[in-house]
file run.cif (mmCIF, C-alpha atoms)
data_work
#
loop_
_atom_site.label_atom_id
_atom_site.label_comp_id
_atom_site.auth_asym_id
_atom_site.auth_seq_id
_atom_site.Cartn_x
_atom_site.Cartn_y
_atom_site.Cartn_z
CA MET W 1 12.74 -6.85 -24.57
CA HIS W 2 9.94 -5.50 -22.37
CA ILE W 3 10.07 -2.02 -20.81
CA LEU W 4 8.66 -1.78 -17.26
CA PRO W 5 7.28 1.04 -15.07
CA ILE W 6 9.83 2.84 -12.90
CA GLN W 7 7.92 2.18 -9.67
CA SER W 8 9.12 -1.42 -9.76
CA CYS W 9 12.69 -0.48 -8.87
CA LEU W 10 12.81 2.79 -6.89
CA ILE W 11 13.20 0.71 -3.73
CA SER W 12 12.96 -3.08 -3.75
CA GLY W 13 13.00 -5.74 -1.06
CA GLY W 14 11.84 -5.54 2.53
CA ASN W 15 8.74 -3.69 3.68
CA PHE W 16 9.92 -0.14 3.03
CA PHE W 17 6.75 1.10 1.39
CA GLU W 18 4.50 -0.46 4.00
CA GLU W 19 6.37 1.50 6.69
CA ASN W 20 7.12 4.72 4.78
CA GLY W 21 4.76 4.96 1.82
CA ALA W 22 2.65 7.72 3.40
CA LEU W 23 5.64 9.92 4.29
CA SER W 24 6.68 13.00 2.35
CA LEU W 25 10.35 13.33 1.37
CA THR W 26 10.80 15.87 4.18
CA GLU W 27 9.30 13.43 6.67
CA LEU W 28 11.47 10.65 5.29
CA GLN W 29 14.54 12.82 5.85
CA LYS W 30 13.49 13.42 9.47
CA LYS W 31 13.30 9.66 9.94
CA ASN W 32 16.60 9.04 8.11
CA PRO W 33 18.65 12.28 8.48
CA THR W 34 21.28 11.41 5.85
CA TRP W 35 18.57 10.84 3.21
CA PHE W 36 18.60 14.44 2.03
CA ALA W 37 15.19 15.19 0.51
CA ASP W 38 16.56 17.56 -2.15
CA ASP W 39 18.98 14.88 -3.39
CA ILE W 40 16.17 12.32 -3.67
CA LEU W 41 14.03 14.87 -5.51
CA TYR W 42 16.96 15.65 -7.82
CA GLY W 43 17.16 11.98 -8.76
CA LEU W 44 13.41 11.70 -9.27
CA GLU W 45 13.43 14.82 -11.45
CA ARG W 46 15.87 12.98 -13.74
CA LEU W 47 13.02 10.61 -14.59
CA LYS W 48 11.33 13.37 -16.56
CA SER W 49 13.87 12.57 -19.27
CA SER W 50 14.50 9.33 -21.15
CA TYR W 51 14.90 6.12 -19.15
CA GLU W 52 13.97 2.44 -19.41
CA VAL W 53 13.46 -0.32 -16.83
CA HIS W 54 14.31 -3.88 -17.93
CA ASN W 55 13.86 -7.33 -16.44
CA VAL W 56 17.30 -8.94 -16.28
CA TYR W 57 15.95 -12.49 -16.21
CA PRO W 58 13.09 -14.23 -18.08
CA GLN W 59 9.91 -13.77 -16.05
CA ASP W 60 9.11 -17.38 -15.20
CA ASP W 61 10.39 -17.12 -11.60
CA ALA W 62 8.80 -14.78 -9.07
CA ARG W 63 12.06 -14.48 -7.09
CA LEU W 64 13.96 -13.34 -10.16
CA SER W 65 11.34 -10.76 -11.08
CA ALA W 66 12.80 -8.39 -8.46
CA VAL W 67 16.04 -8.11 -10.45
CA LYS W 68 15.65 -5.02 -12.59
CA LEU W 69 17.96 -2.76 -14.54
CA THR W 70 17.17 0.93 -15.05
CA TRP W 71 18.89 2.50 -18.05
CA LEU W 72 19.60 6.22 -17.72
CA PRO W 73 21.32 7.52 -20.87
CA ALA W 74 23.12 10.84 -20.70
CA LYS W 75 21.38 13.64 -22.58
CA GLU W 76 24.76 14.62 -23.99
CA LYS W 77 27.10 11.64 -23.95
CA LYS W 78 30.73 12.65 -23.45
CA HIS W 79 32.38 9.41 -22.36
CA SER W 80 32.47 5.86 -23.69
CA THR W 81 32.53 4.36 -20.17
CA TYR W 82 29.15 3.57 -18.65
CA VAL W 83 28.55 3.22 -14.91
CA LEU W 84 26.54 0.42 -13.29
CA LEU W 85 25.29 1.50 -9.84
CA MET W 86 23.93 -0.52 -6.92
CA ALA W 87 22.33 1.05 -3.87
CA GLY W 88 22.51 -0.41 -0.39
CA GLY W 89 19.95 -1.50 2.18
CA ALA W 90 21.71 -4.04 4.42
CA TYR W 91 20.87 -6.76 1.87
CA GLY W 92 17.27 -6.45 3.01
CA ALA W 93 16.34 -3.75 0.49
CA VAL W 94 17.86 -1.87 -2.46
CA CYS W 95 17.34 1.88 -1.93
CA THR W 96 17.88 3.00 -5.52
CA MET W 97 15.77 6.15 -5.09
CA VAL W 98 17.97 7.33 -2.21
CA GLU W 99 21.50 6.48 -3.34
CA ALA W 100 21.99 5.16 -6.89
CA LEU W 101 19.45 7.30 -8.76
CA PRO W 102 20.66 10.75 -7.56
CA VAL W 103 24.29 9.79 -8.24
CA ALA W 104 23.35 8.44 -11.69
CA ALA W 105 21.57 11.71 -12.42
CA LYS W 106 24.73 13.64 -11.61
CA LEU W 107 26.85 11.30 -13.72
CA ASN W 108 24.37 11.79 -16.57
CA GLU W 109 24.98 15.55 -16.32
CA LEU W 110 28.70 14.84 -16.61
CA GLY W 111 28.13 12.86 -19.81
CA TYR W 112 28.06 9.26 -18.55
CA ASP W 113 25.42 6.69 -19.45
CA CYS W 114 24.28 4.84 -16.33
CA PHE W 115 22.42 1.73 -15.21
CA CYS W 116 20.95 1.16 -11.74
CA LEU W 117 20.63 -2.48 -10.68
CA ASN W 118 18.12 -3.81 -8.16
CA TYR W 119 19.53 -7.18 -7.07
CA ARG W 120 17.95 -9.90 -4.94
CA THR W 121 17.83 -9.34 -1.18
CA ALA W 122 17.27 -11.61 1.79
CA VAL W 123 13.95 -13.44 2.26
CA GLN W 124 12.92 -15.89 4.96
CA GLU W 125 14.65 -18.78 3.19
CA SER W 126 17.91 -16.81 3.16
CA PHE W 127 18.19 -17.18 6.93
CA VAL W 128 18.48 -20.93 6.41
CA LYS W 129 20.39 -21.32 3.15
CA GLY W 130 21.98 -17.89 2.83
CA LEU W 131 21.42 -15.11 0.29
CA PHE W 132 24.76 -15.44 -1.47
CA PRO W 133 25.76 -15.88 -4.24
CA GLU W 134 22.43 -14.58 -5.61
CA PRO W 135 23.42 -10.87 -5.69
CA MET W 136 26.67 -11.79 -7.49
CA ASP W 137 24.68 -13.85 -10.00
CA ASP W 138 22.37 -10.86 -10.54
CA LEU W 139 25.27 -8.49 -11.22
CA ALA W 140 26.73 -10.97 -13.70
CA ALA W 141 23.31 -11.38 -15.36
CA ALA W 142 22.98 -7.59 -15.63
CA VAL W 143 26.36 -7.24 -17.37
CA ARG W 144 25.42 -10.06 -19.75
CA TYR W 145 22.06 -8.38 -20.43
CA ILE W 146 23.87 -5.17 -21.34
CA TYR W 147 26.14 -7.18 -23.63
CA LYS W 148 23.17 -8.79 -25.33
CA HIS W 149 21.47 -5.43 -25.93
CA LYS W 150 24.57 -3.31 -26.54
CA ASP W 151 23.24 -1.96 -29.83
CA HIS W 152 20.00 -0.85 -28.18
CA PHE W 153 21.91 0.89 -25.40
CA GLY W 154 24.56 2.23 -27.76
CA ILE W 155 27.49 1.30 -25.53
CA ASP W 156 30.70 -0.71 -25.55
CA PRO W 157 29.78 -3.40 -22.99
CA GLN W 158 33.40 -3.94 -21.96
CA ASP W 159 34.01 -0.29 -21.06
CA TYR W 160 32.29 0.03 -17.71
CA ALA W 161 32.69 1.04 -14.07
CA VAL W 162 30.84 -0.44 -11.10
CA SER W 163 29.63 1.71 -8.22
CA GLY W 164 28.04 0.56 -4.98
CA PHE W 165 26.85 2.04 -1.71
CA SER W 166 26.97 0.34 1.70
CA ALA W 167 25.80 -3.25 1.02
CA GLY W 168 25.91 -2.39 -2.68
CA GLY W 169 29.53 -1.38 -2.05
CA HIS W 170 30.17 -4.85 -0.65
CA LEU W 171 28.75 -6.30 -3.84
CA ALA W 172 30.81 -3.94 -6.01
CA SER W 173 34.06 -4.58 -4.12
CA THR W 174 33.54 -8.35 -4.37
CA TRP W 175 33.00 -7.96 -8.13
CA GLY W 176 36.67 -7.07 -8.45
CA THR W 177 37.90 -10.37 -6.97
CA ALA W 178 39.02 -13.34 -9.05
CA HIS W 179 37.23 -16.05 -7.06
CA LEU W 180 33.77 -14.44 -6.87
CA GLY W 181 33.62 -11.51 -9.27
CA ALA W 182 33.68 -10.74 -12.99
CA ARG W 183 36.49 -13.16 -13.75
CA LYS W 184 34.61 -16.05 -12.17
CA TYR W 185 31.73 -15.35 -14.58
CA ASP W 186 34.09 -15.03 -17.58
CA LEU W 187 33.25 -11.35 -17.87
CA PRO W 188 35.71 -8.46 -18.29
CA GLN W 189 36.92 -6.58 -15.25
CA PRO W 190 35.41 -3.13 -14.79
CA LYS W 191 37.58 -0.13 -15.52
CA CYS W 192 37.28 0.86 -11.88
CA LEU W 193 35.14 0.64 -8.75
CA ILE W 194 33.45 3.64 -7.14
CA LEU W 195 32.55 2.74 -3.56
CA GLY W 196 30.35 4.81 -1.25
CA TYR W 197 30.79 4.05 2.48
CA PRO W 198 31.12 0.36 1.50
CA LEU W 199 30.67 -2.66 3.69
CA ILE W 200 33.75 -4.69 2.75
CA SER W 201 33.46 -7.49 5.27
CA MET W 202 31.49 -8.39 8.37
CA SER W 203 34.81 -9.12 10.10
CA HIS W 204 35.15 -5.57 11.43
CA VAL W 205 31.56 -5.23 12.61
CA PRO W 206 31.42 -5.66 16.42
CA GLU W 207 29.81 -8.83 17.69
CA SER W 208 26.14 -8.20 18.40
CA PRO W 209 22.68 -9.60 17.65
CA VAL W 210 22.56 -7.26 14.62
CA LYS W 211 25.78 -8.72 13.21
CA GLN W 212 24.52 -12.24 13.80
CA TYR W 213 21.23 -11.41 12.06
CA LEU W 214 22.98 -9.88 9.04
CA CYS W 215 25.48 -12.71 8.69
CA THR W 216 22.75 -15.33 8.97
CA GLY W 217 20.78 -13.60 6.21
CA MET W 218 23.84 -13.30 4.00
CA PHE W 219 25.47 -16.69 4.58
CA GLY W 220 22.79 -18.89 6.17
CA ALA W 221 22.34 -20.64 9.49
CA GLY W 222 25.53 -22.12 10.83
CA TYR W 223 27.76 -19.63 9.00
CA THR W 224 31.41 -19.54 10.01
CA GLN W 225 34.31 -17.10 9.90
CA VAL W 226 35.40 -18.88 6.72
CA ASP W 227 32.17 -17.75 5.05
CA ILE W 228 32.74 -14.17 6.16
CA GLU W 229 36.33 -14.14 4.92
CA LYS W 230 35.33 -15.63 1.57
CA TYR W 231 33.25 -12.52 0.87
CA ASP W 232 35.81 -10.06 2.23
CA ALA W 233 37.24 -8.35 -0.86
CA SER W 234 40.20 -6.93 1.06
CA ARG W 235 41.47 -10.49 1.60
CA HIS W 236 41.33 -11.29 -2.11
CA ILE W 237 42.93 -8.29 -3.83
CA ASP W 238 45.39 -9.30 -6.55
CA ARG W 239 47.37 -7.44 -9.22
CA ASP W 240 44.34 -7.36 -11.55
CA TYR W 241 41.93 -5.91 -9.00
CA PRO W 242 40.45 -2.68 -10.39
CA PRO W 243 41.42 0.79 -9.18
CA CYS W 244 39.02 2.15 -6.53
CA PHE W 245 37.56 5.49 -5.56
CA LEU W 246 36.27 5.34 -1.98
CA VAL W 247 34.11 8.06 -0.43
CA ARG W 248 33.11 8.00 3.24
CA ALA W 249 32.56 10.03 6.39
CA GLN W 250 34.67 9.37 9.47
CA ASP W 251 31.63 9.61 11.74
CA ASP W 252 29.86 6.76 9.92
CA PRO W 253 27.96 4.92 12.68
CA THR W 254 27.25 1.85 10.57
CA VAL W 255 30.44 0.83 8.75
CA PRO W 256 33.66 0.83 10.81
CA MET W 257 36.58 2.82 9.37
CA ALA W 258 38.61 -0.40 9.38
CA GLU W 259 36.45 -1.59 6.49
CA GLY W 260 37.84 0.93 4.04
CA ASP W 261 41.25 1.24 5.69
CA GLY W 262 42.17 -2.28 4.59
CA MET W 263 41.32 -1.52 0.96
CA VAL W 264 43.28 1.75 1.01
CA SER W 265 46.32 0.10 2.60
CA ILE W 266 46.46 -2.78 0.15
CA LEU W 267 45.62 -0.91 -3.05
CA LYS W 268 47.90 2.06 -2.21
CA GLU W 269 48.15 4.30 -5.31
CA LYS W 270 45.34 2.36 -7.00
CA CYS W 271 42.89 3.74 -4.43
CA CYS W 272 41.69 7.33 -4.20
CA LEU W 273 40.19 8.12 -0.77
CA ASP W 274 37.74 11.01 -0.49
CA GLN W 275 36.62 11.48 3.09
CA ALA W 276 35.38 14.07 5.57
CA LYS W 277 35.04 14.14 9.34
CA THR W 278 31.24 14.26 9.18
CA GLY W 279 28.52 13.02 6.83
CA GLY W 280 27.29 9.84 8.46
CA HIS W 281 26.11 6.80 6.54
CA GLY W 282 23.74 6.58 3.57
CA PHE W 283 24.28 10.11 2.27
CA GLY W 284 24.28 9.10 -1.41
CA LEU W 285 24.90 12.22 -3.50
CA GLY W 286 25.82 14.02 -0.30
CA THR W 287 25.11 17.63 -1.26
CA ALA W 288 24.17 18.47 2.34
CA THR W 289 27.46 17.10 3.70
CA PRO W 290 31.10 18.23 3.63
CA LEU W 291 31.55 15.61 0.87
CA HIS W 292 29.48 17.72 -1.54
CA GLY W 293 30.93 17.33 -5.06
CA TRP W 294 32.38 13.88 -4.51
CA VAL W 295 30.74 12.55 -7.69
CA GLU W 296 32.46 15.20 -9.79
CA ARG W 297 35.77 14.33 -8.13
CA ALA W 298 35.21 10.63 -8.75
CA ALA W 299 34.40 11.29 -12.41
CA LYS W 300 37.57 13.37 -12.86
CA TRP W 301 39.62 10.59 -11.22
CA MET W 302 38.01 8.00 -13.52
CA GLU W 303 38.77 10.08 -16.60
CA GLU W 304 42.44 10.17 -15.68
CA LEU W 305 42.86 6.39 -15.35
#

call {"tool": "encode", "arguments": {"input": "run.cif", "output": "structure tokens"}}
result
Amino acid sequence: MHILPIQSCLISGGNFFEENGALSLTELQKKNPTWFADDILYGLERLKSSYEVHNVYPQDDARLSAVKLTWLPAKEKKHSTYVLLMAGGAYGAVCTMVEALPVAAKLNELGYDCFCLNYRTAVQESFVKGLFPEPMDDLAAAVRYIYKHKDHFGIDPQDYAVSGFSAGGHLASTWGTAHLGARKYDLPQPKCLILGYPLISMSHVPESPVKQYLCTGMFGAGYTQVDIEKYDASRHIDRDYPPCFLVRAQDDPTVPMAEGDGMVSILKEKCCLDQAKTGGHGFGLGTATPLHGWVERAAKWMEEL
């Protein structure tokens, strides 16, 4: 086991730092209005306390070296369930610093141990062969890594929840399915899923060059509707699919409301919907939005399962 510096996983994939590395958090918020600077700072402040960054895979493959797991133990642990969080970034980046880290910091305050996963994202080759199932493999590898080091982390590896935001929400929602998720990898189902403005399927995204670009990166050149539907969790919900907490804003300009509506309709009482008229997309902890406090509400819902 080798502990790594935190800089390796604040944001991974893409060219984020080349484009934004010189910006202050206030300037970054001006560029991305839903990236509330105080929430990002709140997450970064959490790093003053105990944390560890781990390589999920052996380091003999440069592509796999991007897959990292940040362990954030609660200062005062109150719950046996741990939460594994995955930020979004359109499968071109993993914006842990913006989404997963601030939410993990809040969950830590509520007594939950957390892990933030940086999974593989699209590279040039992905637009030929497709990115998937690499992110699913990475999530499975992360859960197995936690199993292997359960004594070090001091957790019950089977008692866990999975949380994802945007593209990370797509990954989390797919993790609940039988044909692609935990059960495929012979791993236990999570206790529940906590989804932030999740992309569930590309089916509801209007046809455009952007959709074509995203689908090509995810599924490869020559992708078909069959490929899209295969990775649409709402089409593969069965009786053993985990309960879901879904938080979103109705003015989200990125993910159509139909994405979450399908999940809510199928899961019925197994889905708790927390939404507001405004808030946009990518708000993470969301303290500057009408959804302020959603993490506390999600935690209370999880405790009552």

call {"tool": "residues_around", "arguments": {"input": "run.cif", "residues": "Val67 (chain W)", "least_positions_apart": "4", "cutoff": "10 Å", "atoms": "all atoms listed in the file", "output": "PyMOL selection string"}}
result
chain W and resi 8-9+12+54-57+62-63+117-121+135+138-139+141-142

call {"tool": "resolve_selection", "arguments": {"input": "run.cif", "expression": "the PyMOL selection byres ((chain W and resi 293) around 12)", "output": "PDB file with C-alpha atoms, keeping the file's coordinate frame"}}
result
ATOM      1  CA  VAL W 103      24.290   9.790  -8.240  1.00  0.00           C
ATOM      2  CA  LYS W 106      24.730  13.640 -11.610  1.00  0.00           C
ATOM      3  CA  LEU W 107      26.850  11.300 -13.720  1.00  0.00           C
ATOM      4  CA  VAL W 247      34.110   8.060  -0.430  1.00  0.00           C
ATOM      5  CA  ASP W 274      37.740  11.010  -0.490  1.00  0.00           C
ATOM      6  CA  GLN W 275      36.620  11.480   3.090  1.00  0.00           C
ATOM      7  CA  ALA W 276      35.380  14.070   5.570  1.00  0.00           C
ATOM      8  CA  GLY W 284      24.280   9.100  -1.410  1.00  0.00           C
ATOM      9  CA  LEU W 285      24.900  12.220  -3.500  1.00  0.00           C
ATOM     10  CA  GLY W 286      25.820  14.020  -0.300  1.00  0.00           C
ATOM     11  CA  THR W 287      25.110  17.630  -1.260  1.00  0.00           C
ATOM     12  CA  ALA W 288      24.170  18.470   2.340  1.00  0.00           C
ATOM     13  CA  THR W 289      27.460  17.100   3.700  1.00  0.00           C
ATOM     14  CA  PRO W 290      31.100  18.230   3.630  1.00  0.00           C
ATOM     15  CA  LEU W 291      31.550  15.610   0.870  1.00  0.00           C
ATOM     16  CA  HIS W 292      29.480  17.720  -1.540  1.00  0.00           C
ATOM     17  CA  TRP W 294      32.380  13.880  -4.510  1.00  0.00           C
ATOM     18  CA  VAL W 295      30.740  12.550  -7.690  1.00  0.00           C
ATOM     19  CA  GLU W 296      32.460  15.200  -9.790  1.00  0.00           C
ATOM     20  CA  ARG W 297      35.770  14.330  -8.130  1.00  0.00           C
ATOM     21  CA  ALA W 298      35.210  10.630  -8.750  1.00  0.00           C
ATOM     22  CA  ALA W 299      34.400  11.290 -12.410  1.00  0.00           C
ATOM     23  CA  LYS W 300      37.570  13.370 -12.860  1.00  0.00           C
TER      24      LYS W 300
END

call {"tool": "residues_near_point", "arguments": {"input": "run.cif", "point": "(39.4, 4.9, -1.1)", "cutoff": "12 Å", "atoms": "all atoms listed in the file", "output": "ChimeraX atom specification"}}
result
/W:169,173,192-198,200,243-249,257-275,294,298,301

call {"tool": "resolve_selection", "arguments": {"input": "run.cif", "expression": "the PyMOL selection byres ((chain W and resi 86-89) around 9)", "output": "PyMOL selection string"}}
result
chain W and resi 13+84-85+90-101+115-119+121+162-172+198+282+284

call {"tool": "closest_residue", "arguments": {"input": "run.cif", "among": "W:Leu214, W:Leu199, W:Ile155, W:Met136", "to": "Tyr185 (chain W)", "atoms": "all atoms listed in the file"}}
result
W:Met136

call {"tool": "closest_residue", "arguments": {"input": "run.cif", "among": "W:Tyr51, W:Tyr82, W:Phe153, W:Phe219", "to": "Leu131 (chain W)", "atoms": "only C-alpha atoms"}}
result
W:Phe219

call {"tool": "atom_distance", "arguments": {"input": "run.cif", "atom1": "CA of Glu19 (chain W)", "atom2": "CA of Phe36 (chain W)"}}
result
18.4 Å

call {"tool": "axis_aligned_box", "arguments": {"input": "run.cif", "around": "region 176-184 of chain W", "padding_each_side": "5 Å", "output": "JSON"}}
result
{"center_x": 36.3, "center_y": -11.6, "center_z": -10.3, "size_x": 15.4, "size_y": 19.0, "size_z": 16.9}

call {"tool": "resolve_selection", "arguments": {"input": "run.cif", "expression": "the PyMOL selection byres ((chain W and resi 73) around 6)", "output": "ChimeraX atom specification"}}
result
/W:72,74,113

call {"tool": "atom_distance", "arguments": {"input": "run.cif", "atom1": "CA of Asp252 (chain W)", "atom2": "CA of Thr177 (chain W)"}}
result
25.4 Å

call {"tool": "atom_distance", "arguments": {"input": "run.cif", "atom1": "CA of Ala182 (chain W)", "atom2": "CA of Pro102 (chain W)"}}
result
25.7 Å

call {"tool": "closest_residue", "arguments": {"input": "run.cif", "among": "W:Asp227, W:Asp156, W:Glu76, W:Asp38", "to": "Gly130 (chain W)", "atoms": "all atoms listed in the file"}}
result
W:Asp227

call {"tool": "closest_residue", "arguments": {"input": "run.cif", "among": "W:Val123, W:Leu305, W:Ile228, W:Ile237", "to": "Gly181 (chain W)", "atoms": "all atoms listed in the file"}}
result
W:Ile237

call {"tool": "build_atoms", "arguments": {"input": "run.cif", "residues": "region 114-135 of chain W", "atoms": "N, CA and C atoms", "output": "PDB file, in the coordinates of the input"}}
result
ATOM      1  N   CYS W 114      24.319   5.585 -17.583  1.00  0.00           N
ATOM      2  CA  CYS W 114      24.280   4.840 -16.330  1.00  0.00           C
ATOM      3  C   CYS W 114      23.206   3.763 -16.342  1.00  0.00           C
ATOM      4  N   PHE W 115      23.409   2.768 -15.502  1.00  0.00           N
ATOM      5  CA  PHE W 115      22.420   1.730 -15.210  1.00  0.00           C
ATOM      6  C   PHE W 115      22.341   1.591 -13.695  1.00  0.00           C
ATOM      7  N   CYS W 116      21.135   1.462 -13.158  1.00  0.00           N
ATOM      8  CA  CYS W 116      20.950   1.160 -11.740  1.00  0.00           C
ATOM      9  C   CYS W 116      20.389  -0.252 -11.623  1.00  0.00           C
ATOM     10  N   LEU W 117      21.034  -1.078 -10.822  1.00  0.00           N
ATOM     11  CA  LEU W 117      20.630  -2.480 -10.680  1.00  0.00           C
ATOM     12  C   LEU W 117      19.946  -2.712  -9.336  1.00  0.00           C
ATOM     13  N   ASN W 118      18.765  -3.296  -9.367  1.00  0.00           N
ATOM     14  CA  ASN W 118      18.120  -3.810  -8.160  1.00  0.00           C
ATOM     15  C   ASN W 118      18.326  -5.323  -8.128  1.00  0.00           C
ATOM     16  N   TYR W 119      19.147  -5.780  -7.199  1.00  0.00           N
ATOM     17  CA  TYR W 119      19.530  -7.180  -7.070  1.00  0.00           C
ATOM     18  C   TYR W 119      18.643  -7.853  -6.020  1.00  0.00           C
ATOM     19  N   ARG W 120      18.731  -9.166  -5.927  1.00  0.00           N
ATOM     20  CA  ARG W 120      17.950  -9.900  -4.940  1.00  0.00           C
ATOM     21  C   ARG W 120      18.449  -9.618  -3.513  1.00  0.00           C
ATOM     22  N   THR W 121      17.514  -9.560  -2.591  1.00  0.00           N
ATOM     23  CA  THR W 121      17.830  -9.340  -1.180  1.00  0.00           C
ATOM     24  C   THR W 121      17.286 -10.504  -0.349  1.00  0.00           C
ATOM     25  N   ALA W 122      17.596 -10.484   0.922  1.00  0.00           N
ATOM     26  CA  ALA W 122      17.270 -11.610   1.790  1.00  0.00           C
ATOM     27  C   ALA W 122      15.765 -11.788   1.971  1.00  0.00           C
ATOM     28  N   VAL W 123      15.323 -13.040   1.947  1.00  0.00           N
ATOM     29  CA  VAL W 123      13.950 -13.440   2.260  1.00  0.00           C
ATOM     30  C   VAL W 123      14.043 -14.465   3.384  1.00  0.00           C
ATOM     31  N   GLN W 124      12.922 -14.972   3.821  1.00  0.00           N
ATOM     32  CA  GLN W 124      12.920 -15.890   4.960  1.00  0.00           C
ATOM     33  C   GLN W 124      13.838 -17.093   4.725  1.00  0.00           C
ATOM     34  N   GLU W 125      13.832 -17.617   3.510  1.00  0.00           N
ATOM     35  CA  GLU W 125      14.650 -18.780   3.190  1.00  0.00           C
ATOM     36  C   GLU W 125      16.147 -18.474   3.308  1.00  0.00           C
ATOM     37  N   SER W 126      16.501 -17.194   3.098  1.00  0.00           N
ATOM     38  CA  SER W 126      17.910 -16.810   3.160  1.00  0.00           C
ATOM     39  C   SER W 126      18.508 -17.077   4.534  1.00  0.00           C
ATOM     40  N   PHE W 127      17.686 -17.004   5.578  1.00  0.00           N
ATOM     41  CA  PHE W 127      18.190 -17.180   6.930  1.00  0.00           C
ATOM     42  C   PHE W 127      18.434 -18.656   7.260  1.00  0.00           C
ATOM     43  N   VAL W 128      18.149 -19.509   6.289  1.00  0.00           N
ATOM     44  CA  VAL W 128      18.480 -20.930   6.410  1.00  0.00           C
ATOM     45  C   VAL W 128      19.621 -21.275   5.453  1.00  0.00           C
ATOM     46  N   LYS W 129      19.428 -20.933   4.175  1.00  0.00           N
ATOM     47  CA  LYS W 129      20.390 -21.320   3.150  1.00  0.00           C
ATOM     48  C   LYS W 129      21.406 -20.234   2.814  1.00  0.00           C
ATOM     49  N   GLY W 130      21.105 -18.994   3.176  1.00  0.00           N
ATOM     50  CA  GLY W 130      21.980 -17.890   2.830  1.00  0.00           C
ATOM     51  C   GLY W 130      21.541 -17.203   1.545  1.00  0.00           C
ATOM     52  N   LEU W 131      21.751 -15.891   1.480  1.00  0.00           N
ATOM     53  CA  LEU W 131      21.420 -15.110   0.290  1.00  0.00           C
ATOM     54  C   LEU W 131      22.448 -15.317  -0.823  1.00  0.00           C
ATOM     55  N   PHE W 132      23.711 -15.349  -0.457  1.00  0.00           N
ATOM     56  CA  PHE W 132      24.760 -15.440  -1.470  1.00  0.00           C
ATOM     57  C   PHE W 132      24.861 -16.839  -2.055  1.00  0.00           C
ATOM     58  N   PRO W 133      25.212 -16.925  -3.367  1.00  0.00           N
ATOM     59  CA  PRO W 133      25.760 -15.880  -4.240  1.00  0.00           C
ATOM     60  C   PRO W 133      24.726 -15.165  -5.114  1.00  0.00           C
ATOM     61  N   GLU W 134      23.462 -15.145  -4.734  1.00  0.00           N
ATOM     62  CA  GLU W 134      22.430 -14.580  -5.610  1.00  0.00           C
ATOM     63  C   GLU W 134      22.724 -13.158  -6.071  1.00  0.00           C
ATOM     64  N   PRO W 135      23.130 -12.223  -5.193  1.00  0.00           N
ATOM     65  CA  PRO W 135      23.420 -10.870  -5.690  1.00  0.00           C
ATOM     66  C   PRO W 135      24.558 -10.839  -6.708  1.00  0.00           C
TER      67      PRO W 135
END
